[in-house]
>>> print(open('my_file-v2.cif').read())   # mmCIF, C-alpha atoms
data_entry
loop_
_atom_site.group_PDB
_atom_site.id
_atom_site.type_symbol
_atom_site.label_atom_id
_atom_site.label_comp_id
_atom_site.auth_asym_id
_atom_site.auth_seq_id
_atom_site.Cartn_x
_atom_site.Cartn_y
_atom_site.Cartn_z
ATOM 1 C CA PRO O 1 117.207 88.705 171.400
ATOM 2 C CA GLY O 2 117.391 86.910 168.071
ATOM 3 C CA GLY O 3 117.820 83.215 167.637
ATOM 4 C CA PRO O 4 115.351 80.351 167.519
ATOM 5 C CA VAL O 5 112.601 79.828 170.117
ATOM 6 C CA PHE O 6 113.599 76.208 170.664
ATOM 7 C CA PHE O 7 116.954 74.906 171.823
ATOM 8 C CA VAL O 8 117.851 71.364 170.771
ATOM 9 C CA GLN O 9 120.781 69.680 172.477
ATOM 10 C CA ASP O 10 122.342 66.232 172.225
ATOM 11 C CA ARG O 11 122.071 64.462 175.562
ATOM 12 C CA ILE O 12 122.633 60.962 176.865
ATOM 13 C CA GLY O 13 119.529 58.787 177.199
ATOM 14 C CA LEU O 14 118.652 55.157 177.822
ATOM 15 C CA ARG O 15 121.603 52.782 177.311
ATOM 16 C CA LYS O 16 123.882 55.804 176.694
ATOM 17 C CA ARG O 17 122.138 56.511 173.406
ATOM 18 C CA THR O 18 122.349 60.098 172.171
ATOM 19 C CA ILE O 19 118.965 61.808 172.057
ATOM 20 C CA LYS O 20 118.003 65.306 170.950
ATOM 21 C CA VAL O 21 116.326 67.086 173.869
ATOM 22 C CA ILE O 22 114.036 70.009 173.066
ATOM 23 C CA LYS O 23 113.674 73.014 175.380
ATOM 24 C CA PHE O 24 112.660 76.620 175.067
ATOM 25 C CA ARG O 25 115.823 78.630 174.496
ATOM 26 C CA THR O 26 116.829 80.535 177.643
ATOM 27 C CA MET O 27 120.284 81.736 176.615
ATOM 28 C CA VAL O 28 121.714 84.107 174.079
ATOM 29 C CA PRO O 29 122.580 82.616 170.676
ATOM 30 C CA GLY O 30 126.042 81.015 170.716
ATOM 31 C CA ALA O 31 125.938 80.338 174.464
ATOM 32 C CA GLU O 32 127.410 76.842 174.145
ATOM 33 C CA GLN O 33 130.454 78.180 172.322
ATOM 34 C CA SER O 34 131.217 80.549 175.223
ATOM 35 C CA LEU O 35 131.052 77.795 177.867
ATOM 36 C CA THR O 36 134.813 77.219 177.890
ATOM 37 C CA ALA O 37 135.449 80.855 178.802
ATOM 38 C CA LEU O 38 133.103 80.520 181.803
ATOM 39 C CA GLU O 39 134.282 77.160 183.183
ATOM 40 C CA ARG O 40 136.337 78.817 185.928
ATOM 41 C CA TYR O 41 133.072 80.204 187.388
ATOM 42 C CA ASN O 42 131.431 76.777 187.683
ATOM 43 C CA GLU O 43 129.631 76.522 191.047
ATOM 44 C CA ALA O 44 128.739 72.823 190.780
ATOM 45 C CA SER O 45 130.745 69.908 192.044
ATOM 46 C CA GLY O 46 131.518 67.004 189.737
ATOM 47 C CA PRO O 47 131.403 67.120 185.956
ATOM 48 C CA VAL O 48 128.252 69.251 185.661
ATOM 49 C CA PHE O 49 128.318 72.963 184.882
ATOM 50 C CA LYS O 50 126.135 75.443 186.803
ATOM 51 C CA ILE O 51 126.463 79.170 187.441
ATOM 52 C CA LYS O 52 123.802 80.817 189.575
ATOM 53 C CA ASN O 53 123.891 84.101 187.665
ATOM 54 C CA ASP O 54 125.005 82.787 184.290
ATOM 55 C CA PRO O 55 125.592 85.847 182.049
ATOM 56 C CA ARG O 56 124.422 83.884 178.996
ATOM 57 C CA VAL O 57 120.838 83.544 180.321
ATOM 58 C CA THR O 58 118.402 86.132 178.967
ATOM 59 C CA LEU O 59 115.890 88.030 181.112
ATOM 60 C CA LEU O 60 113.030 85.952 179.683
ATOM 61 C CA GLY O 61 115.211 82.875 180.083
ATOM 62 C CA ARG O 62 115.546 83.491 183.834
ATOM 63 C CA PHE O 63 111.759 83.491 184.142
ATOM 64 C CA LEU O 64 111.415 80.366 181.984
ATOM 65 C CA ARG O 65 114.003 78.543 184.086
ATOM 66 C CA LYS O 66 112.644 79.684 187.442
ATOM 67 C CA THR O 67 109.175 78.442 186.483
ATOM 68 C CA SER O 68 110.521 75.371 184.605
ATOM 69 C CA ILE O 69 108.478 76.402 181.571
ATOM 70 C CA ASP O 70 111.631 75.877 179.504
ATOM 71 C CA GLU O 71 111.187 72.120 180.094
ATOM 72 C CA LEU O 72 107.687 71.865 178.547
ATOM 73 C CA PRO O 73 108.875 71.089 174.978
ATOM 74 C CA GLN O 74 110.378 67.891 176.399
ATOM 75 C CA LEU O 75 106.844 66.506 176.263
ATOM 76 C CA PHE O 76 107.659 65.993 172.555
ATOM 77 C CA ASN O 77 110.602 63.841 173.668
ATOM 78 C CA VAL O 78 108.204 61.823 175.840
ATOM 79 C CA LEU O 79 105.795 61.358 172.916
ATOM 80 C CA ALA O 80 108.709 60.293 170.698
ATOM 81 C CA GLY O 81 109.670 57.644 173.270
ATOM 82 C CA ASP O 82 113.114 59.104 174.058
ATOM 83 C CA MET O 83 112.123 60.284 177.531
ATOM 84 C CA SER O 84 109.671 59.539 180.303
ATOM 85 C CA LEU O 85 107.782 61.975 182.527
ATOM 86 C CA VAL O 86 109.836 60.744 185.514
ATOM 87 C CA GLY O 87 113.423 59.514 185.518
ATOM 88 C CA PRO O 88 116.995 60.738 185.852
ATOM 89 C CA ARG O 89 117.527 63.998 183.958
ATOM 90 C CA PRO O 90 119.240 63.547 180.563
ATOM 91 C CA LEU O 91 122.776 64.914 180.738
ATOM 92 C CA PRO O 92 124.584 66.913 178.058
ATOM 93 C CA LEU O 93 127.393 65.017 176.316
ATOM 94 C CA ARG O 94 129.949 67.302 177.968
ATOM 95 C CA ASP O 95 128.772 66.370 181.479
ATOM 96 C CA TYR O 96 128.662 62.643 180.699
ATOM 97 C CA ALA O 97 132.249 62.768 179.436
ATOM 98 C CA GLY O 98 133.296 63.787 182.963
ATOM 99 C CA PHE O 99 131.783 60.735 184.667
ATOM 100 C CA SER O 100 134.569 58.837 186.376
ATOM 101 C CA GLN O 101 132.717 56.204 188.408
ATOM 102 C CA ASP O 102 130.815 53.223 187.026
ATOM 103 C CA TRP O 103 128.006 53.550 189.569
ATOM 104 C CA HIS O 104 127.168 56.976 188.075
ATOM 105 C CA ARG O 105 126.595 55.312 184.710
ATOM 106 C CA ARG O 106 123.820 53.103 186.142
ATOM 107 C CA ARG O 107 121.469 56.041 185.631
ATOM 108 C CA PHE O 108 121.487 55.197 181.909
ATOM 109 C CA SER O 109 119.708 51.885 182.582
ATOM 110 C CA VAL O 110 116.338 53.712 182.591
ATOM 111 C CA LYS O 111 114.770 56.329 180.334
ATOM 112 C CA PRO O 112 115.608 59.884 181.306
ATOM 113 C CA GLY O 113 112.742 61.993 182.588
ATOM 114 C CA ILE O 114 111.432 65.531 182.680
ATOM 115 C CA THR O 115 111.252 65.422 186.473
ATOM 116 C CA CYS O 116 113.045 63.381 189.112
ATOM 117 C CA LEU O 117 113.854 63.130 192.807
ATOM 118 C CA TRP O 118 116.611 65.729 192.412
ATOM 119 C CA GLN O 119 114.161 68.326 191.092
ATOM 120 C CA ILE O 120 111.638 67.880 193.889
ATOM 121 C CA ASN O 121 114.349 67.939 196.558
ATOM 122 C CA GLY O 122 115.915 71.326 195.893
ATOM 123 C CA ARG O 123 117.778 70.944 192.595
ATOM 124 C CA ALA O 124 120.985 72.970 192.512
ATOM 125 C CA SER O 125 120.539 74.238 196.104
ATOM 126 C CA LEU O 126 121.512 70.855 197.554
ATOM 127 C CA SER O 127 124.835 70.653 199.335
ATOM 128 C CA GLN O 128 127.253 68.461 197.388
ATOM 129 C CA PRO O 129 124.813 68.642 194.449
ATOM 130 C CA PHE O 130 126.475 66.260 191.992
ATOM 131 C CA GLU O 131 127.074 63.367 194.370
ATOM 132 C CA ARG O 132 123.686 63.825 196.039
ATOM 133 C CA TRP O 133 122.011 64.105 192.626
ATOM 134 C CA MET O 134 123.611 60.854 191.452
ATOM 135 C CA GLN O 135 122.636 59.113 194.696
ATOM 136 C CA MET O 136 119.015 60.230 194.234
ATOM 137 C CA ASP O 137 119.075 58.803 190.705
ATOM 138 C CA MET O 138 120.327 55.472 192.077
ATOM 139 C CA ASP O 139 117.636 55.541 194.789
ATOM 140 C CA TYR O 140 115.007 56.139 192.110
ATOM 141 C CA ILE O 141 116.277 53.214 190.008
ATOM 142 C CA ASP O 142 116.456 50.897 193.032
ATOM 143 C CA ARG O 143 113.020 51.854 194.407
ATOM 144 C CA TRP O 144 111.169 52.375 191.120
ATOM 145 C CA SER O 145 107.441 51.775 191.159
ATOM 146 C CA LEU O 146 104.435 53.329 189.503
ATOM 147 C CA TRP O 147 103.524 54.731 192.916
ATOM 148 C CA LEU O 148 106.937 56.444 193.196
ATOM 149 C CA ASP O 149 106.436 58.026 189.754
ATOM 150 C CA PHE O 150 103.015 59.352 190.806
ATOM 151 C CA LYS O 151 104.492 60.679 194.047
ATOM 152 C CA ILE O 152 107.289 62.510 192.187
ATOM 153 C CA LEU O 153 104.822 63.941 189.656
ATOM 154 C CA ALA O 154 102.572 65.167 192.491
ATOM 155 C CA GLN O 155 105.519 66.845 194.242
ATOM 156 C CA THR O 156 106.867 68.440 191.054
ATOM 157 C CA LEU O 157 104.262 71.196 190.825
ATOM 158 C CA PRO O 158 104.862 72.523 194.376
ATOM 159 C CA ALA O 159 108.641 72.342 193.764
ATOM 160 C CA VAL O 160 108.258 74.350 190.558
ATOM 161 C CA ILE O 161 105.970 76.909 192.197
ATOM 162 C CA HIS O 162 108.465 77.472 195.036
ATOM 163 C CA GLY O 163 111.355 77.572 192.542
ATOM 164 C CA LYS O 164 113.856 76.363 195.148
ATOM 165 C CA GLY O 165 117.237 75.699 193.591
ATOM 166 C CA ALA O 166 116.163 76.728 190.090
ATOM 167 C CA TYR O 167 118.672 78.781 188.119
#
>>> encode(input="my_file-v2.cif", output="structure tokens")
Amino acid sequence: PGGPVFFVQDRIGLRKRTIKVIKFRTMVPGAEQSLTALERYNEASGPVFKIKNDPRVTLLGRFLRKTSIDELPQLFNVLAGDMSLVGPRPLPLRDYAGFSQDWHRRRFSVKPGITCLWQINGRASLSQPFERWMQMDMDYIDRWSLWLDFKILAQTLPAVIHGKGAY
């Protein structure tokens, strides 16, 4: 209902540089301004913010998120050189501000990606999601190879189709 089709958000990219990430808008206009009022409902551990049934998400937005179609405009970020197809997900500035451990910041030593180990391994449904998510990012960085990128890309489609952990 109303508002632009695309959502552009400042996120942290390679070497902690701010990048503008493009997605299809899945929330009502003004959703970011109402985040503070919803913080007490946060279901994620660590500095990230996730609510399974976020009241700001539109009906169409739920479908776009469940199918990961909302991520497709990030291909423009890949073409612009700000992102890669595979790599740690770019975090909003708000989430990065909550990082308290240096080893978490290592994820900014590579380009962020549209898909990653976290997405193919259950996304938000993982127990201890933040710590496990960060550990998967470190594993990706430590084990990086072209073969690993191809493997993650091949496993992304089945993960998206099953929609496990997407909200």
>>> resolve_selection(input="my_file-v2.cif", expression="the PyMOL selection byres ((chain O and resi 117) around 10)", output="PyMOL selection string")
chain O and resi 86-89+115-116+118-123+133+135-137+139-140+148-149+151-153+155-156
>>> resolve_selection(input="my_file-v2.cif", expression="the PyMOL selection byres ((chain O and resi 45) around 6)", output="list in words")
Ala44, Gly46 and Phe130 of chain O
>>> write_last_selection(input="my_file-v2.cif", atoms="C-alpha atoms", output="compact mmCIF listing (two decimals), in the coordinates of the input")
# COMPACT_ATOMS: atom_id res chain seq x y z
CA ALA O 44 128.74 72.82 190.78
CA GLY O 46 131.52 67.00 189.74
CA PHE O 130 126.48 66.26 191.99
>>> resolve_selection(input="my_file-v2.cif", expression="the PyMOL selection byres ((chain O and resi 30-41) around 10)", output="PyMOL selection string")
chain O and resi 3+9+26-29+42-44+49-57
>>> closest_residue(input="my_file-v2.cif", among="O:Gly113, O:Gln101, O:Lys66, O:Ala159", to="O:Met134", atoms="all atoms listed in the file")
O:Gln101
>>> closest_residue(input="my_file-v2.cif", among="O:Asp102, O:Asp142, O:Glu71, O:Asp82", to="O:Gly13", atoms="all atoms listed in the file")
O:Asp82
>>> atom_distance(input="my_file-v2.cif", atom1="atom CA of O:Gly81", atom2="atom CA of O:Arg62")
28.5 Å
>>> atom_distance(input="my_file-v2.cif", atom1="atom CA of O:Val5", atom2="atom CA of O:Ile69")
12.6 Å
>>> closest_residue(input="my_file-v2.cif", among="O:Leu146, O:Leu72, O:Gly98, O:Ala80", to="O:Ile114", atoms="all atoms listed in the file")
O:Leu72
>>> residues_near_point(input="my_file-v2.cif", point="(112.0, 69.3, 176.2)", cutoff="10 Å", atoms="only C-alpha atoms", output="ChimeraX atom specification")
/O:6-9,20-24,69-78,83,113-114
>>> closest_residue(input="my_file-v2.cif", among="O:Ala154, O:Gly2, O:Val160, O:Pro92", to="O:Ser68", atoms="all atoms listed in the file")
O:Val160
